[in-house]
$ cat entry22.cif   # mmCIF, C-alpha atoms and all ligand atoms
data_structure
loop_
_atom_site.label_atom_id
_atom_site.label_comp_id
_atom_site.auth_asym_id
_atom_site.auth_seq_id
_atom_site.Cartn_x
_atom_site.Cartn_y
_atom_site.Cartn_z
CA MET X 7 94.67 -151.45 -50.61
CA LEU X 8 91.78 -149.83 -52.38
CA PHE X 9 91.35 -147.40 -49.52
CA SER X 10 94.98 -146.37 -49.36
CA SER X 11 95.36 -145.75 -53.09
CA THR X 12 92.14 -143.74 -53.21
CA PHE X 13 93.22 -141.76 -50.19
CA GLY X 14 96.64 -141.07 -51.70
CA ALA X 15 95.13 -139.85 -54.94
CA GLY X 16 92.75 -137.62 -53.03
CA LEU X 17 95.57 -135.97 -51.14
CA PHE X 18 97.47 -135.34 -54.35
CA ALA X 19 94.37 -133.82 -55.94
CA VAL X 20 94.03 -131.36 -53.07
CA GLY X 21 97.68 -130.36 -53.55
CA VAL X 22 97.03 -129.27 -57.13
CA ALA X 23 93.61 -127.74 -56.55
CA ALA X 24 94.62 -124.50 -58.26
CA HIS X 25 94.98 -126.25 -61.60
CA GLY X 26 92.36 -127.82 -63.86
CA ALA X 27 91.42 -129.83 -66.92
CA VAL X 28 88.35 -130.62 -69.00
CA THR X 29 86.66 -133.49 -67.16
CA SER X 30 83.45 -134.03 -69.16
CA TYR X 31 81.55 -132.91 -72.25
CA LYS X 32 78.02 -132.35 -73.50
CA ILE X 33 77.97 -132.77 -77.29
CA ALA X 34 74.81 -132.46 -79.43
CA GLY X 35 72.75 -132.82 -76.24
CA LYS X 36 74.46 -135.97 -74.98
CA ASP X 37 76.64 -136.21 -71.87
CA TYR X 38 80.07 -137.78 -72.20
CA PRO X 39 82.31 -138.44 -69.21
CA GLY X 40 85.90 -137.36 -69.68
CA TYR X 41 89.07 -138.72 -68.29
CA GLN X 42 89.55 -138.12 -64.57
CA GLY X 43 93.11 -137.38 -63.59
CA PHE X 44 94.57 -139.84 -61.09
CA SER X 45 91.91 -142.45 -61.90
CA PRO X 46 93.29 -145.96 -62.30
CA ALA X 47 94.63 -147.18 -65.62
CA ASN X 48 91.55 -149.37 -66.02
CA SER X 49 89.15 -146.39 -65.85
CA PRO X 50 86.28 -146.62 -68.35
CA SER X 51 86.81 -145.84 -72.03
CA VAL X 52 85.92 -142.26 -72.90
CA ILE X 53 85.97 -139.90 -75.92
CA GLN X 54 88.73 -137.80 -74.36
CA TRP X 55 92.45 -138.30 -74.79
CA GLN X 56 93.85 -139.37 -71.46
CA TRP X 57 96.02 -136.75 -69.81
CA PRO X 58 98.56 -137.46 -67.09
CA ASP X 59 97.95 -134.69 -64.55
CA TYR X 60 96.36 -131.30 -63.83
CA ASN X 61 99.64 -129.43 -64.16
CA PRO X 62 99.94 -126.64 -66.71
CA THR X 63 102.12 -126.67 -69.79
CA LEU X 64 104.55 -123.78 -69.47
CA SER X 65 105.83 -123.20 -73.01
CA CYS X 66 104.45 -122.64 -76.53
CA SER X 67 107.01 -125.12 -77.83
CA ALA X 68 106.33 -128.01 -75.42
CA ALA X 69 105.00 -131.19 -77.05
CA LYS X 70 102.51 -131.43 -74.17
CA LEU X 71 100.82 -128.24 -75.42
CA ARG X 72 98.91 -130.21 -78.07
CA CYS X 73 96.67 -132.35 -75.89
CA ASN X 74 98.19 -132.23 -72.41
CA GLY X 75 100.30 -135.28 -73.17
CA GLY X 76 97.25 -137.35 -74.10
CA THR X 77 97.01 -140.00 -76.79
CA SER X 78 94.16 -141.52 -78.82
CA ALA X 79 90.90 -142.36 -77.01
CA LYS X 80 88.79 -145.50 -77.47
CA LEU X 81 85.44 -143.76 -78.10
CA ASN X 82 84.11 -140.84 -80.12
CA ALA X 83 81.09 -138.55 -79.91
CA SER X 84 78.74 -138.00 -82.85
CA ALA X 85 77.65 -134.54 -83.93
CA ASN X 86 76.63 -132.54 -86.97
CA PRO X 87 77.64 -129.07 -88.11
CA GLY X 88 75.73 -126.48 -86.07
CA ASP X 89 75.53 -128.73 -82.99
CA SER X 90 76.82 -127.41 -79.69
CA VAL X 91 79.80 -128.71 -77.76
CA THR X 92 80.17 -127.91 -74.08
CA ALA X 93 83.39 -128.69 -72.23
CA ILE X 94 83.16 -128.83 -68.43
CA TRP X 95 85.99 -128.16 -66.00
CA GLN X 96 85.41 -129.83 -62.63
CA GLN X 97 87.69 -127.22 -61.08
CA TRP X 98 89.04 -123.89 -62.31
CA THR X 99 90.27 -120.90 -60.33
CA HIS X 100 91.90 -118.34 -62.62
CA SER X 101 90.12 -115.20 -63.85
CA GLN X 102 92.55 -113.95 -66.50
CA GLY X 103 93.41 -115.32 -69.94
CA PRO X 104 91.82 -116.47 -73.19
CA ILE X 105 89.64 -119.50 -73.94
CA ILE X 106 90.37 -121.04 -77.35
CA VAL X 107 88.54 -123.97 -78.95
CA TRP X 108 90.26 -125.72 -81.85
CA MET X 109 89.42 -128.60 -84.21
CA TYR X 110 91.60 -130.82 -86.39
CA LYS X 111 90.50 -133.16 -89.16
CA CYS X 112 92.11 -136.56 -88.86
CA PRO X 113 93.36 -137.94 -92.17
CA GLY X 114 91.91 -141.35 -91.25
CA ALA X 115 91.05 -143.40 -88.19
CA PHE X 116 91.16 -141.90 -84.70
CA SER X 117 93.56 -144.62 -83.63
CA SER X 118 96.26 -143.21 -85.92
CA CYS X 119 95.36 -139.53 -85.51
CA ASP X 120 98.05 -137.65 -83.61
CA GLY X 121 97.17 -134.01 -84.34
CA SER X 122 100.49 -133.35 -86.10
CA GLY X 123 101.07 -130.76 -88.83
CA SER X 124 99.36 -127.44 -89.56
CA GLY X 125 95.81 -128.80 -89.40
CA TRP X 126 94.41 -127.07 -86.31
CA PHE X 127 91.76 -124.37 -86.75
CA LYS X 128 89.84 -122.32 -84.21
CA ILE X 129 86.08 -122.63 -83.98
CA ASP X 130 85.69 -120.29 -81.00
CA GLU X 131 87.63 -117.89 -78.81
CA ALA X 132 87.06 -115.54 -75.89
CA GLY X 133 89.34 -112.82 -74.63
CA PHE X 134 89.25 -109.54 -72.70
CA HIS X 135 86.50 -106.93 -72.77
CA GLY X 136 87.27 -104.77 -69.78
CA ASP X 137 87.31 -101.00 -70.18
CA GLY X 138 91.01 -100.59 -69.30
CA VAL X 139 90.06 -97.78 -66.90
CA LYS X 140 88.29 -99.51 -64.03
CA VAL X 141 88.62 -103.08 -65.24
CA PHE X 142 92.29 -103.75 -65.92
CA LEU X 143 93.73 -106.95 -67.34
CA ASP X 144 94.46 -108.16 -63.80
CA THR X 145 91.21 -107.09 -62.12
CA GLU X 146 89.73 -110.04 -60.24
CA THR X 147 86.14 -108.93 -59.66
CA PRO X 148 84.71 -107.96 -62.00
CA SER X 149 87.05 -109.65 -64.42
CA GLY X 150 86.97 -108.46 -68.02
CA TRP X 151 87.78 -112.02 -69.17
CA ASP X 152 85.18 -114.65 -70.09
CA ILE X 153 87.43 -117.27 -68.50
CA ALA X 154 86.25 -115.92 -65.12
CA LYS X 155 82.86 -117.51 -65.86
CA LEU X 156 84.51 -120.92 -65.40
CA VAL X 157 85.71 -120.16 -61.88
CA GLY X 158 83.97 -122.12 -59.15
CA GLY X 159 83.90 -125.65 -60.48
CA ASN X 160 81.76 -127.74 -62.82
CA LYS X 161 81.35 -124.82 -65.19
CA GLY X 162 81.12 -125.23 -68.94
CA TRP X 163 82.01 -123.36 -72.13
CA THR X 164 79.74 -123.92 -75.14
CA SER X 165 80.79 -123.59 -78.78
CA THR X 166 79.18 -124.49 -82.11
CA ILE X 167 80.57 -126.90 -84.69
CA PRO X 168 80.98 -124.69 -87.79
CA GLN X 169 78.00 -124.69 -90.16
CA GLY X 170 78.59 -126.77 -93.26
CA LEU X 171 81.80 -128.37 -91.93
CA ALA X 172 82.78 -131.35 -94.08
CA PRO X 173 82.09 -134.70 -92.39
CA GLY X 174 84.93 -136.72 -90.91
CA ASN X 175 86.83 -137.68 -87.80
CA TYR X 176 87.83 -134.58 -85.87
CA LEU X 177 89.75 -133.82 -82.71
CA ILE X 178 88.40 -130.98 -80.58
CA ARG X 179 90.82 -129.17 -78.30
CA HIS X 180 89.79 -126.86 -75.47
CA GLU X 181 92.55 -124.53 -74.32
CA LEU X 182 92.68 -122.17 -71.37
CA ILE X 183 95.72 -119.90 -71.10
CA ALA X 184 95.98 -118.66 -67.52
CA LEU X 185 97.76 -115.30 -67.44
CA HIS X 186 97.35 -114.40 -63.76
CA GLN X 187 101.09 -114.70 -63.06
CA ALA X 188 102.93 -111.84 -64.77
CA ASN X 189 105.09 -113.08 -67.68
CA ASN X 190 104.47 -116.73 -66.71
CA PRO X 191 101.62 -118.11 -68.83
CA GLN X 192 100.11 -121.49 -67.99
CA PHE X 193 98.51 -123.50 -70.80
CA TYR X 194 95.76 -126.03 -70.07
CA ALA X 195 94.54 -128.02 -73.08
CA GLU X 196 92.68 -131.30 -73.50
CA CYS X 197 91.44 -133.10 -76.63
CA ALA X 198 88.48 -135.32 -77.48
CA GLN X 199 87.22 -137.17 -80.55
CA ILE X 200 84.10 -136.22 -82.54
CA GLN X 201 82.79 -137.93 -85.65
CA VAL X 202 81.13 -135.13 -87.63
CA GLY X 203 78.30 -136.23 -89.91
CA GLY X 204 76.18 -134.44 -92.48
CA SER X 205 76.93 -133.54 -96.07
CA GLY X 206 78.79 -130.25 -95.67
CA THR X 207 81.73 -129.30 -97.81
CA ALA X 208 83.28 -126.43 -95.84
CA SER X 209 86.87 -126.74 -94.76
CA PRO X 210 89.21 -124.04 -93.53
CA ASP X 211 91.96 -122.87 -95.87
CA ALA X 212 95.57 -122.42 -94.77
CA SER X 213 94.95 -118.89 -93.44
CA TYR X 214 92.85 -120.40 -90.63
CA LYS X 215 95.25 -123.21 -89.75
CA ALA X 216 98.21 -123.67 -87.45
CA ALA X 217 100.34 -126.38 -85.91
CA ILE X 218 100.25 -127.11 -82.19
CA PRO X 219 102.83 -126.60 -80.88
CA GLY X 220 103.67 -123.81 -83.33
CA TYR X 221 100.82 -121.29 -83.18
CA CYS X 222 102.62 -119.08 -80.65
CA ASN X 223 106.04 -118.18 -79.31
CA ASP X 224 106.86 -117.68 -75.66
CA SER X 225 107.97 -114.09 -76.31
CA ASP X 226 104.70 -113.03 -78.05
CA ALA X 227 103.02 -110.01 -76.46
CA ASN X 228 99.78 -111.97 -75.92
CA ILE X 229 101.61 -114.93 -74.31
CA LYS X 230 104.23 -113.27 -72.10
CA VAL X 231 101.94 -110.69 -70.49
CA PRO X 232 103.02 -108.37 -67.65
CA ILE X 233 99.43 -108.57 -66.51
CA ASN X 234 99.78 -106.37 -63.43
CA ASN X 235 101.39 -103.48 -65.32
CA HIS X 236 98.68 -100.88 -65.77
CA ALA X 237 101.02 -98.75 -67.93
CA ILE X 238 100.76 -101.17 -70.87
CA ALA X 239 97.78 -101.06 -73.26
CA GLN X 240 94.88 -102.70 -71.42
CA THR X 241 93.74 -104.68 -74.45
CA TYR X 242 94.31 -108.27 -75.53
CA THR X 243 94.46 -110.08 -78.88
CA VAL X 244 93.75 -113.81 -78.64
CA PRO X 245 96.70 -115.75 -80.13
CA GLY X 246 96.44 -117.87 -83.26
CA PRO X 247 94.67 -117.57 -86.63
CA PRO X 248 91.13 -116.14 -87.09
CA VAL X 249 88.10 -118.21 -86.02
CA PHE X 250 86.62 -120.43 -88.76
CA LYS X 251 82.83 -120.13 -88.88
CA GLY X 252 82.22 -122.47 -91.81
CA THR X 253 79.31 -121.30 -93.96
CA GLY X 254 77.73 -119.73 -90.87
CA GLY X 255 79.37 -116.33 -91.07
CA LYS X 256 82.32 -114.23 -91.98
CA ARG X 257 85.70 -114.72 -90.45
CA ALA X 258 86.21 -112.71 -87.27
CA ARG X 259 88.70 -110.36 -88.93
CA ASP X 260 86.03 -109.28 -91.46
CA PHE X 261 83.91 -107.75 -88.73
CA SER X 262 84.45 -104.29 -87.29
CA ALA X 263 83.10 -103.28 -83.93
C1 LIG Q 301 82.75 -143.78 -83.36
O1 LIG Q 301 81.96 -144.42 -82.38
C2 LIG Q 301 80.95 -145.28 -82.91
C3 LIG Q 301 80.15 -145.81 -81.76
O2 LIG Q 301 79.58 -144.77 -81.04
C4 LIG Q 301 81.57 -146.39 -83.71
O3 LIG Q 301 80.56 -147.17 -84.31
C5 LIG Q 301 82.45 -145.80 -84.79
O4 LIG Q 301 83.14 -146.83 -85.45
C6 LIG Q 301 83.45 -144.83 -84.21
N1 LIG Q 301 84.15 -144.19 -85.28
C7 LIG Q 301 85.46 -144.20 -85.40
C8 LIG Q 301 85.99 -143.55 -86.62
O5 LIG Q 301 86.19 -144.70 -84.57
C1 LIG Q 302 107.80 -117.90 -83.75
O1 LIG Q 302 109.15 -117.64 -84.00
C2 LIG Q 302 109.67 -118.26 -85.19
C3 LIG Q 302 111.13 -118.00 -85.24
O2 LIG Q 302 111.41 -116.62 -85.11
C4 LIG Q 302 108.91 -117.71 -86.40
O3 LIG Q 302 109.36 -118.36 -87.56
C5 LIG Q 302 107.45 -117.97 -86.22
O4 LIG Q 302 106.71 -117.37 -87.27
C6 LIG Q 302 106.93 -117.40 -84.90
N1 LIG Q 302 105.56 -117.82 -84.70
C7 LIG Q 302 104.58 -116.97 -84.44
C8 LIG Q 302 103.26 -117.57 -84.21
O5 LIG Q 302 104.75 -115.77 -84.37
#
$ encode --input "entry22.cif" --output "structure tokens"
Amino acid sequence: MLFSSTFGAGLFAVGVAAHGAVTSYKIAGKDYPGYQGFSPANSPSVIQWQWPDYNPTLSCSAAKLRCNGGTSAKLNASANPGDSVTAIWQQWTHSQGPIIVWMYKCPGAFSSCDGSGSGWFKIDEAGFHGDGVKVFLDTETPSGWDIAKLVGGNKGWTSTIPQGLAPGNYLIRHELIALHQANNPQFYAECAQIQVGGSGTASPDASYKAAIPGYCNDSDANIKVPINNHAIAQTYTVPGPPVFKGTGGKRARDFSA
């Protein structure tokens, strides 16, 4: 029995090899296993919200956009403001689209924290930096998108918990929006639980916050992207509010290049 169920799961995993999800984390120097899709219901407790499958979410308004259909996890990681958080994708294959890292302060215990309301704020983002002449939005190699650095498997993306962030129970949400299929975005997002310590007092005001779902609409120019059309402007604005840097720096929109 054990053999056949393992074998069946393996076959299914091969069938969806083009998709992906966050499968582990390194937070403040410590490794944390994540949830493995298709693992049995009695898989070990982890800090990550369990997600049902590797399939993308296909709409800005889908409930699954928040945390890939996951619900509260049993464990949490510990970290302080300024610590690094690396999310690792066991498999990833798409070279176009933004990476967005969000946090959300739970009003109380993790067990009753559902990520609802306009409490999500970005702590990091990466978009497109091609030249629009030789490196178009849809160029595979070299890609002008940082997301291409995740291609190949077991690759990570590292962000910093904002300096001075007020302590508390936070969700962290890693989102990849795959834009390789013209006008058909695919959202991949997973959430995990971090107890932030320290004695900071910084918290983002409403201009940094959004609801998920709610931060985008399917018709937005940076969501529904005709990626292979070289006649459109070959630039990209990452969706959502500006990145919150805590006391560590100005908001992204205050900088000019
Ligand atoms: C976070 O995990 C620690 C154990 O690592 C536990 O003592 C603590 O109660 C947890 N915090 C919450 C809010 O669940
Ligand atoms: C999405 O569309 C609704 C309805 O038109 C609008 O109220 C909302 O502001 C839009 N959201 C974004 C992020 O543009």
$ closest_residue --input "entry22.cif" --among "X:Gln201, X:Gly40, X:Trp108, X:Gln97" --to "ligand LIG 301 (chain Q)" --atoms "all atoms listed in the file"
X:Gln201
$ residues_near_ligand --input "entry22.cif" --ligand "ligand LIG 302 (chain Q)" --cutoff "8 Å" --atoms "only C-alpha atoms and all ligand atoms" --output "PyMOL selection string"
chain X and resi 220-223+226+245-246
$ closest_residue --input "entry22.cif" --among "X:His186, X:Lys230, X:Lys128, X:Arg179" --to "X:Lys251" --atoms "all atoms listed in the file"
X:Lys128
$ residues_near_point --input "entry22.cif" --point "(80.8, -137.6, -78.8)" --cutoff "10 Å" --atoms "only C-alpha atoms" --output "PyMOL selection string"
chain X and resi 31-39+52-54+81-85+91+198-202
$ axis_aligned_box --input "entry22.cif" --around "ligand LIG 301 (chain Q)" --padding-each-side "8 Å" --output "AutoDock Vina command-line options"
--center_x 82.9 --center_y -145.4 --center_z -83.8 --size_x 22.6 --size_y 19.6 --size_z 21.6
$ atom_distance --input "entry22.cif" --atom1 "atom CA of X:Trp57" --atom2 "atom CA of X:Gly75"
5.6 Å
$ closest_residue --input "entry22.cif" --among "X:Ala27, X:Cys112, X:Ile233, X:Ile94" --to "X:Pro58" --atoms "only C-alpha atoms"
X:Ala27
$ atom_distance --input "entry22.cif" --atom1 "atom CA of X:Thr99" --atom2 "atom CA of X:Gly158"
6.5 Å
$ closest_residue --input "entry22.cif" --among "X:Gly203, X:Gly121, X:Pro247, X:Pro210" --to "ligand LIG 301 (chain Q)" --atoms "all atoms listed in the file"
X:Gly203
$ residues_around --input "entry22.cif" --residues "X:Phe116" --least-positions-apart "3" --cutoff "7 Å" --atoms "all atoms listed in the file" --output "list in words"
Ser78, Cys112, Cys119 and Asn175 of chain X
$ atom_distance --input "entry22.cif" --atom1 "atom CA of X:Tyr214" --atom2 "atom CA of X:Ala227"
20.3 Å
$ closest_residue --input "entry22.cif" --among "X:Leu71, X:Leu171, X:Leu143, X:Ala115" --to "ligand LIG 301 (chain Q)" --atoms "only C-alpha atoms and all ligand atoms"
X:Ala115
$ residues_around --input "entry22.cif" --residues "X:Gly136" --least-positions-apart "2" --cutoff "8 Å" --atoms "only C-alpha atoms" --output "list in words"
Phe134, Gly138, Lys140, Val141, Phe142, Leu143, Ser149, Gly150, Trp151 and Thr241 of chain X
